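Q: The structure file coords.txt (compact mmCIF, C-alpha atoms) is provided below.
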```txt
# COMPACT_ATOMS: atom_id res chain seq x y z
CA ARG A 25 0.00 0.00 0.00
CA LYS A 26 1.32 3.44 -0.88
CA GLU A 27 2.06 5.76 2.03
CA VAL A 28 -0.07 8.49 0.49
CA GLU A 29 -2.77 7.86 -2.12
CA GLN A 30 -4.72 10.30 -4.20
CA ASP A 31 -7.16 10.03 -7.07
CA PRO A 32 -5.13 11.37 -10.00
CA GLY A 33 -8.21 12.83 -11.72
CA PRO A 34 -8.46 14.80 -13.86
CA PHE A 35 -11.34 16.66 -12.31
CA ASN A 36 -12.94 19.03 -14.81
CA VAL A 37 -15.17 21.45 -12.94
CA PRO A 38 -17.15 24.50 -14.14
CA GLU A 39 -16.14 27.87 -12.81
CA GLY A 40 -17.98 28.76 -9.63
CA ALA A 41 -18.59 25.17 -8.58
CA THR A 42 -17.44 23.52 -5.39
CA VAL A 43 -14.96 20.68 -5.67
CA ALA A 44 -13.55 18.35 -3.06
CA PHE A 45 -10.93 15.65 -3.11
CA ASN A 46 -9.54 13.27 -0.57
CA CYS A 47 -6.25 11.68 0.17
CA THR A 48 -5.57 8.61 2.32
CA TYR A 49 -2.40 7.88 4.27
CA SER A 50 -1.09 4.66 5.74
CA ASN A 51 0.96 5.77 8.75
CA SER A 52 -1.40 6.10 11.70
CA ALA A 53 1.35 7.91 13.64
CA SER A 54 1.58 10.78 11.13
CA GLN A 55 1.39 14.22 12.71
CA SER A 56 2.00 16.69 9.90
CA PHE A 57 -0.37 17.16 6.98
CA PHE A 58 -0.31 19.60 4.12
CA TRP A 59 -1.85 20.42 0.80
CA TYR A 60 0.51 21.73 -1.86
CA ARG A 61 -0.39 23.21 -5.19
CA GLN A 62 1.73 22.63 -8.28
CA ASP A 63 1.24 24.46 -11.55
CA CYS A 64 2.41 22.82 -14.74
CA ARG A 65 6.22 22.47 -14.78
CA LYS A 66 6.58 24.66 -11.71
CA GLU A 67 7.68 23.91 -8.18
CA PRO A 68 5.17 22.74 -5.55
CA LYS A 69 4.03 25.52 -3.27
CA LEU A 70 2.42 25.18 0.12
CA LEU A 71 -1.32 25.81 -0.08
CA MET A 72 -2.18 25.11 3.52
CA SER A 73 -1.33 23.03 6.53
CA VAL A 74 -4.06 20.72 7.81
CA TYR A 75 -4.89 20.82 11.48
CA SER A 76 -6.77 18.31 13.59
CA SER A 77 -9.75 20.60 14.04
CA GLY A 78 -9.89 21.43 10.35
CA ASN A 79 -9.03 24.83 8.99
CA GLU A 80 -10.15 27.31 6.43
CA ASP A 81 -8.30 29.82 4.30
CA GLY A 82 -10.63 31.89 2.19
CA ARG A 83 -12.32 29.57 -0.31
CA PHE A 84 -10.25 26.59 0.80
CA THR A 85 -11.13 24.23 3.63
CA ALA A 86 -8.98 21.33 4.78
CA GLN A 87 -10.15 18.54 7.04
CA LEU A 88 -8.35 15.71 8.80
CA ASN A 89 -10.02 12.42 9.72
CA ARG A 90 -7.59 10.49 11.88
CA ALA A 91 -9.90 7.53 12.45
CA SER A 92 -10.18 6.85 8.74
CA GLN A 93 -6.74 8.21 7.94
CA TYR A 94 -7.65 10.67 5.26
CA ILE A 95 -7.42 14.37 4.63
CA SER A 96 -9.63 16.38 2.34
CA LEU A 97 -9.53 19.66 0.49
CA LEU A 98 -12.65 21.61 -0.43
CA ILE A 99 -12.56 24.51 -2.86
CA ARG A 100 -15.63 26.74 -2.99
CA ASP A 101 -16.56 29.16 -5.78
CA SER A 102 -13.77 27.79 -7.95
CA LYS A 103 -11.81 30.17 -10.17
CA LEU A 104 -9.97 29.56 -13.42
CA SER A 105 -6.76 30.26 -11.50
CA ASP A 106 -7.45 27.24 -9.27
CA SER A 107 -6.51 24.95 -12.17
CA ALA A 108 -3.46 23.05 -10.98
CA THR A 109 -2.34 19.74 -9.50
CA TYR A 110 -2.98 19.40 -5.78
CA LEU A 111 -0.52 17.33 -3.79
CA CYS A 112 -1.37 15.67 -0.52
CA VAL A 113 1.61 15.56 1.84
CA VAL A 114 2.04 13.61 5.06
CA ASN A 115 5.01 12.92 7.31
CA SER A 116 6.15 9.32 6.89
CA ARG A 117 7.45 6.76 9.37
CA ASN A 118 10.93 8.28 9.29
CA GLU A 119 9.54 11.76 9.92
CA LYS A 120 10.18 13.04 6.42
CA LEU A 121 7.36 14.38 4.29
CA THR A 122 5.92 11.99 1.71
CA PHE A 123 4.12 13.42 -1.29
CA GLY A 124 1.13 11.95 -3.06
CA THR A 125 1.21 11.80 -6.84
CA GLY A 126 -1.35 14.59 -7.05
CA THR A 127 -4.88 15.28 -8.22
CA ARG A 128 -5.20 17.29 -11.37
CA LEU A 129 -7.92 19.94 -11.38
CA THR A 130 -9.10 21.95 -14.39
CA ILE A 131 -11.65 24.73 -13.97
CA ILE A 132 -13.71 25.23 -17.10
CA PRO A 133 -15.05 28.68 -18.05
CA GLU B 21 13.25 37.27 0.05
CA ALA B 22 13.29 33.76 1.50
CA GLN B 23 14.06 31.35 -1.27
CA VAL B 24 15.70 28.21 -2.56
CA THR B 25 17.77 28.82 -5.68
CA GLN B 26 18.55 26.03 -8.12
CA ASN B 27 20.76 26.19 -11.18
CA PRO B 28 20.59 25.54 -14.02
CA ARG B 29 16.87 25.62 -14.87
CA TYR B 30 17.37 23.55 -18.00
CA LEU B 31 20.19 21.21 -18.91
CA ILE B 32 20.71 18.89 -21.85
CA THR B 33 23.73 16.65 -21.57
CA VAL B 34 25.17 13.47 -23.00
CA THR B 35 25.42 10.09 -21.34
CA GLY B 36 28.41 9.81 -19.04
CA LYS B 37 29.32 13.46 -18.76
CA LYS B 38 29.51 14.45 -15.09
CA LEU B 39 27.26 17.29 -14.02
CA THR B 40 26.32 19.21 -10.89
CA VAL B 41 23.02 20.89 -10.09
CA THR B 42 23.44 23.56 -7.44
CA CYS B 43 20.98 24.39 -4.68
CA SER B 44 21.25 27.23 -2.19
CA GLN B 45 18.85 28.47 0.50
CA ASN B 46 18.93 31.71 2.48
CA MET B 47 16.62 30.73 5.34
CA ASN B 48 19.21 29.09 7.60
CA HIS B 49 17.31 25.81 7.27
CA GLU B 50 18.99 22.71 8.61
CA TYR B 51 17.06 20.21 6.52
CA MET B 52 17.55 20.02 2.75
CA SER B 53 16.45 17.45 0.25
CA TRP B 54 16.53 16.54 -3.43
CA TYR B 55 13.58 15.10 -5.35
CA ARG B 56 12.96 13.94 -8.85
CA GLN B 57 9.52 14.12 -10.39
CA ASP B 58 8.39 11.85 -13.18
CA PRO B 59 4.93 11.48 -14.75
CA GLY B 60 2.73 9.13 -12.75
CA LEU B 61 5.35 8.65 -10.04
CA GLY B 62 5.14 11.92 -8.20
CA LEU B 63 7.97 13.37 -6.16
CA ARG B 64 10.55 10.81 -5.09
CA GLN B 65 13.30 11.67 -2.66
CA ILE B 66 16.86 11.14 -3.86
CA TYR B 67 18.99 12.30 -0.91
CA TYR B 68 18.50 14.45 2.12
CA SER B 69 20.64 16.24 4.67
CA MET B 70 19.82 16.91 8.31
CA ASN B 71 22.71 19.36 8.74
CA VAL B 72 26.23 20.17 7.62
CA GLU B 73 28.19 17.00 6.81
CA VAL B 74 25.12 14.84 7.53
CA THR B 75 23.55 13.29 4.45
CA ASP B 76 21.54 10.15 3.83
CA LYS B 77 19.88 8.23 1.03
CA GLY B 78 16.27 8.75 0.13
CA ASP B 79 14.12 6.40 -1.91
CA VAL B 80 15.95 6.58 -5.26
CA PRO B 81 19.65 7.39 -4.58
CA GLU B 82 21.29 5.21 -7.25
CA GLY B 83 23.40 7.22 -9.68
CA TYR B 84 23.48 10.36 -7.53
CA LYS B 85 25.79 11.94 -4.97
CA VAL B 86 25.38 14.93 -2.70
CA SER B 87 27.46 16.95 -0.32
CA ARG B 88 26.71 19.41 2.48
CA LYS B 89 29.85 21.34 3.29
CA GLU B 90 27.96 24.51 4.16
CA LYS B 91 24.52 24.94 5.65
CA ARG B 92 23.14 26.92 2.74
CA ASN B 93 24.35 24.72 -0.14
CA PHE B 94 23.34 21.22 -1.14
CA PRO B 95 24.55 20.31 -4.65
CA LEU B 96 23.37 17.23 -6.51
CA ILE B 97 26.04 15.41 -8.50
CA LEU B 98 25.52 12.96 -11.33
CA GLU B 99 28.90 11.31 -11.89
CA SER B 100 27.87 9.44 -15.04
CA PRO B 101 24.38 10.49 -16.15
CA SER B 102 22.22 8.03 -18.04
CA PRO B 103 19.01 8.56 -20.04
CA ASN B 104 16.87 7.15 -17.20
CA GLN B 105 17.93 10.15 -15.13
CA THR B 106 16.07 12.45 -17.49
CA SER B 107 13.63 14.09 -15.14
CA LEU B 108 12.50 17.25 -13.37
CA TYR B 109 14.56 17.82 -10.23
CA PHE B 110 13.62 19.88 -7.19
CA CYS B 111 15.63 20.96 -4.20
CA ALA B 112 13.72 21.70 -1.00
CA SER B 113 14.56 23.01 2.45
CA SER B 114 12.88 23.24 5.82
CA SER B 115 13.75 23.96 9.43
CA THR B 116 12.84 20.35 10.30
CA PRO B 117 12.27 17.09 8.35
CA ARG B 118 8.60 17.24 9.23
CA GLY B 119 8.22 20.74 7.88
CA THR B 120 6.61 22.32 11.02
CA ASN B 121 3.72 24.61 10.01
CA TYR B 122 5.37 25.83 6.87
CA GLY B 123 6.14 22.67 4.98
CA TYR B 124 9.06 22.64 2.61
CA THR B 125 10.23 25.49 0.41
CA PHE B 126 11.11 24.32 -3.08
CA GLY B 127 13.47 25.63 -5.69
CA SER B 128 12.15 26.39 -9.18
CA GLY B 129 13.29 23.07 -10.56
CA THR B 130 15.88 21.79 -13.02
CA ARG B 131 14.71 20.02 -16.11
CA LEU B 132 17.45 17.58 -17.07
CA THR B 133 17.60 15.70 -20.35
CA VAL B 134 20.29 13.04 -20.84
CA VAL B 135 20.74 11.91 -24.43
```
Now, as a test, write the supplied structure out as structure tokens.
A:
Amino acid sequence: RKEVEQDPGPFNVPEGATVAFNCTYSNSASQSFFWYRQDCRKEPKLLMSVYSSGNEDGRFTAQLNRASQYISLLIRDSKLSDSATYLCVVNSRNEKLTFGTGTRLTIIP
Amino acid sequence: EAQVTQNPRYLITVTGKKLTVTCSQNMNHEYMSWYRQDPGLGLRQIYYSMNVEVTDKGDVPEGYKVSRKEKRNFPLILESPSPNQTSLYFCASSSTPRGTNYGYTFGSGTRLTVV
């Protein structure tokens, strides 16, 4: 089983819609969780950390479900500029961060 | 501005010709790491360094070397590049391996083609 698993997509979503995707992780002892955004051929950039109580940053909401070992990202009122690949990131057994392969999102005008 | 600087951005080389990709960070981070990214495989760690003179293998270290003589620099060395090392490479740094609340900061990437 992969340490971090994501649905690769692509998700094609009309502008203004709400989209959500999940990511599952295998290490029940993981403590650090992030969502990164990566534009085509660019470096990954931190979108948001994910906290136990869930957290929101503008149109973006991240949730952590420790019992089921998944994290989620919800994007409301999606914009064309939200088109990107979203990487789920979790700290692995040796403490380092492990990256999922990403979920590709395209917002359609 | 806090950043990780990688050079070169693009490199085309021939099989067997030694090359070095440089990485420098100005955030006084102790932890630095190299990744390669290939379609369908995501980011895979090549080598990492916990501090000066402390380096260790990641998940795909074969064919690569690194050094950490100074805190800010972490070059990636390919002694004898082969076509299967054609990839997009990223350097990253953080204050801790786990990334604290800020995750990792990545360089802009180096697209390497070995022919």
Q: Suppose you want the space between CA of Gly78 (chain B) and CA of Ala112 (chain B); what is it in Å?
A: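 These two atoms are separated by 13.2 Å.
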Q: Please determine the contact residues of chain A with respect to chain B at a cut-off of 7 Å, counting all atoms listed in the file, and supply them as a PyMOL selection string.
A: chain A and resi 56+66-68+70+73+115+119-121+123-125
Q: Would you write out those residues with C-alpha atoms, as a short mmCIF file (atom, residue, chain, number, x, y, z; two decimals), in the frame of the given file?
A:
```cif
data_model
loop_
_atom_site.label_atom_id
_atom_site.label_comp_id
_atom_site.auth_asym_id
_atom_site.auth_seq_id
_atom_site.Cartn_x
_atom_site.Cartn_y
_atom_site.Cartn_z
CA SER A 56 2.00 16.69 9.90
CA LYS A 66 6.58 24.66 -11.71
CA GLU A 67 7.68 23.91 -8.18
CA PRO A 68 5.17 22.74 -5.55
CA LEU A 70 2.42 25.18 0.12
CA SER A 73 -1.33 23.03 6.53
CA ASN A 115 5.01 12.92 7.31
CA GLU A 119 9.54 11.76 9.92
CA LYS A 120 10.18 13.04 6.42
CA LEU A 121 7.36 14.38 4.29
CA PHE A 123 4.12 13.42 -1.29
CA GLY A 124 1.13 11.95 -3.06
CA THR A 125 1.21 11.80 -6.84
#
```
Q: Using only C-alpha atoms, find the one residue out of A:Arg83, A:Arg100, A:Lys26, A:Arg65 that sits nearest to Ala41 (chain A).
A: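 With only C-alpha atoms as the atom set, the closest residue is A:Arg100.
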Q: Could you please determine the separation between CA of Arg88 (chain B) and CA of Cys112 (chain A) in Å, to one decimal place?
A: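 CA of Cys112 (chain A) lies at a distance of 28.5 Å from CA of Arg88 (chain B).
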Q: Could you give me, as a ChimeraX atom specification, the residues that sit within 7 Å of (25.2, 5.5, -16.7) in the file's coordinates, counting all atoms listed in the file?
A: /B:35-36,100-102
Q: CA of Gly126 (chain A) to CA of Ser92 (chain A): how many Å, to one decimal?
A: 19.7 Å
Q: Using all atoms listed in the file - which residues lie no farther than 9 Å from the point (-13.6, 24.6, -19.9) in the file's frame? Write them as a count of residues only.
A: 9
Q: At a cut-off of 12 Å, using only C-alpha atoms, what residues contact Ser76 (chain A)? Leave out same-chain residues fewer than 6 positions from it and give the result as a PyMOL selection string.
A: chain A and resi 54-58+86-91+93-96
Q: Residues near Thr75 (chain B), anyone? I mean within 10 Å using all atoms listed in the file, not counting same-chain ones fewer than 2 positions away, as a list in words.
A: Tyr51, Met52, Ser53, Tyr67, Tyr68, Ser69, Met70, Asn71, Val72, Glu73, Lys77, Gly78, Lys85, Val86, Ser87, Arg88 and Phe94 of chain B
Q: When you count only C-alpha atoms, which of these residues is closest to Thr42 (chain A): A:Tyr110, A:Tyr75, A:Ser105, A:Phe84?
A: A:Phe84
Q: Neighbours of His49 (chain B) within 8 Å (all atoms listed in the file; same-chain residues fewer than 5 positions away dropped), as a PDB file with C-alpha atoms, in the frame of the given file?
A:
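The resulting result-v4.pdb:
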```
ATOM      1  CA  LYS B  91      24.520  24.940   5.650  1.00  0.00           C
ATOM      2  CA  ARG B  92      23.140  26.920   2.740  1.00  0.00           C
ATOM      3  CA  SER B 113      14.560  23.010   2.450  1.00  0.00           C
ATOM      4  CA  SER B 114      12.880  23.240   5.820  1.00  0.00           C
ATOM      5  CA  SER B 115      13.750  23.960   9.430  1.00  0.00           C
ATOM      6  CA  THR B 116      12.840  20.350  10.300  1.00  0.00           C
TER       7      THR B 116
END
```
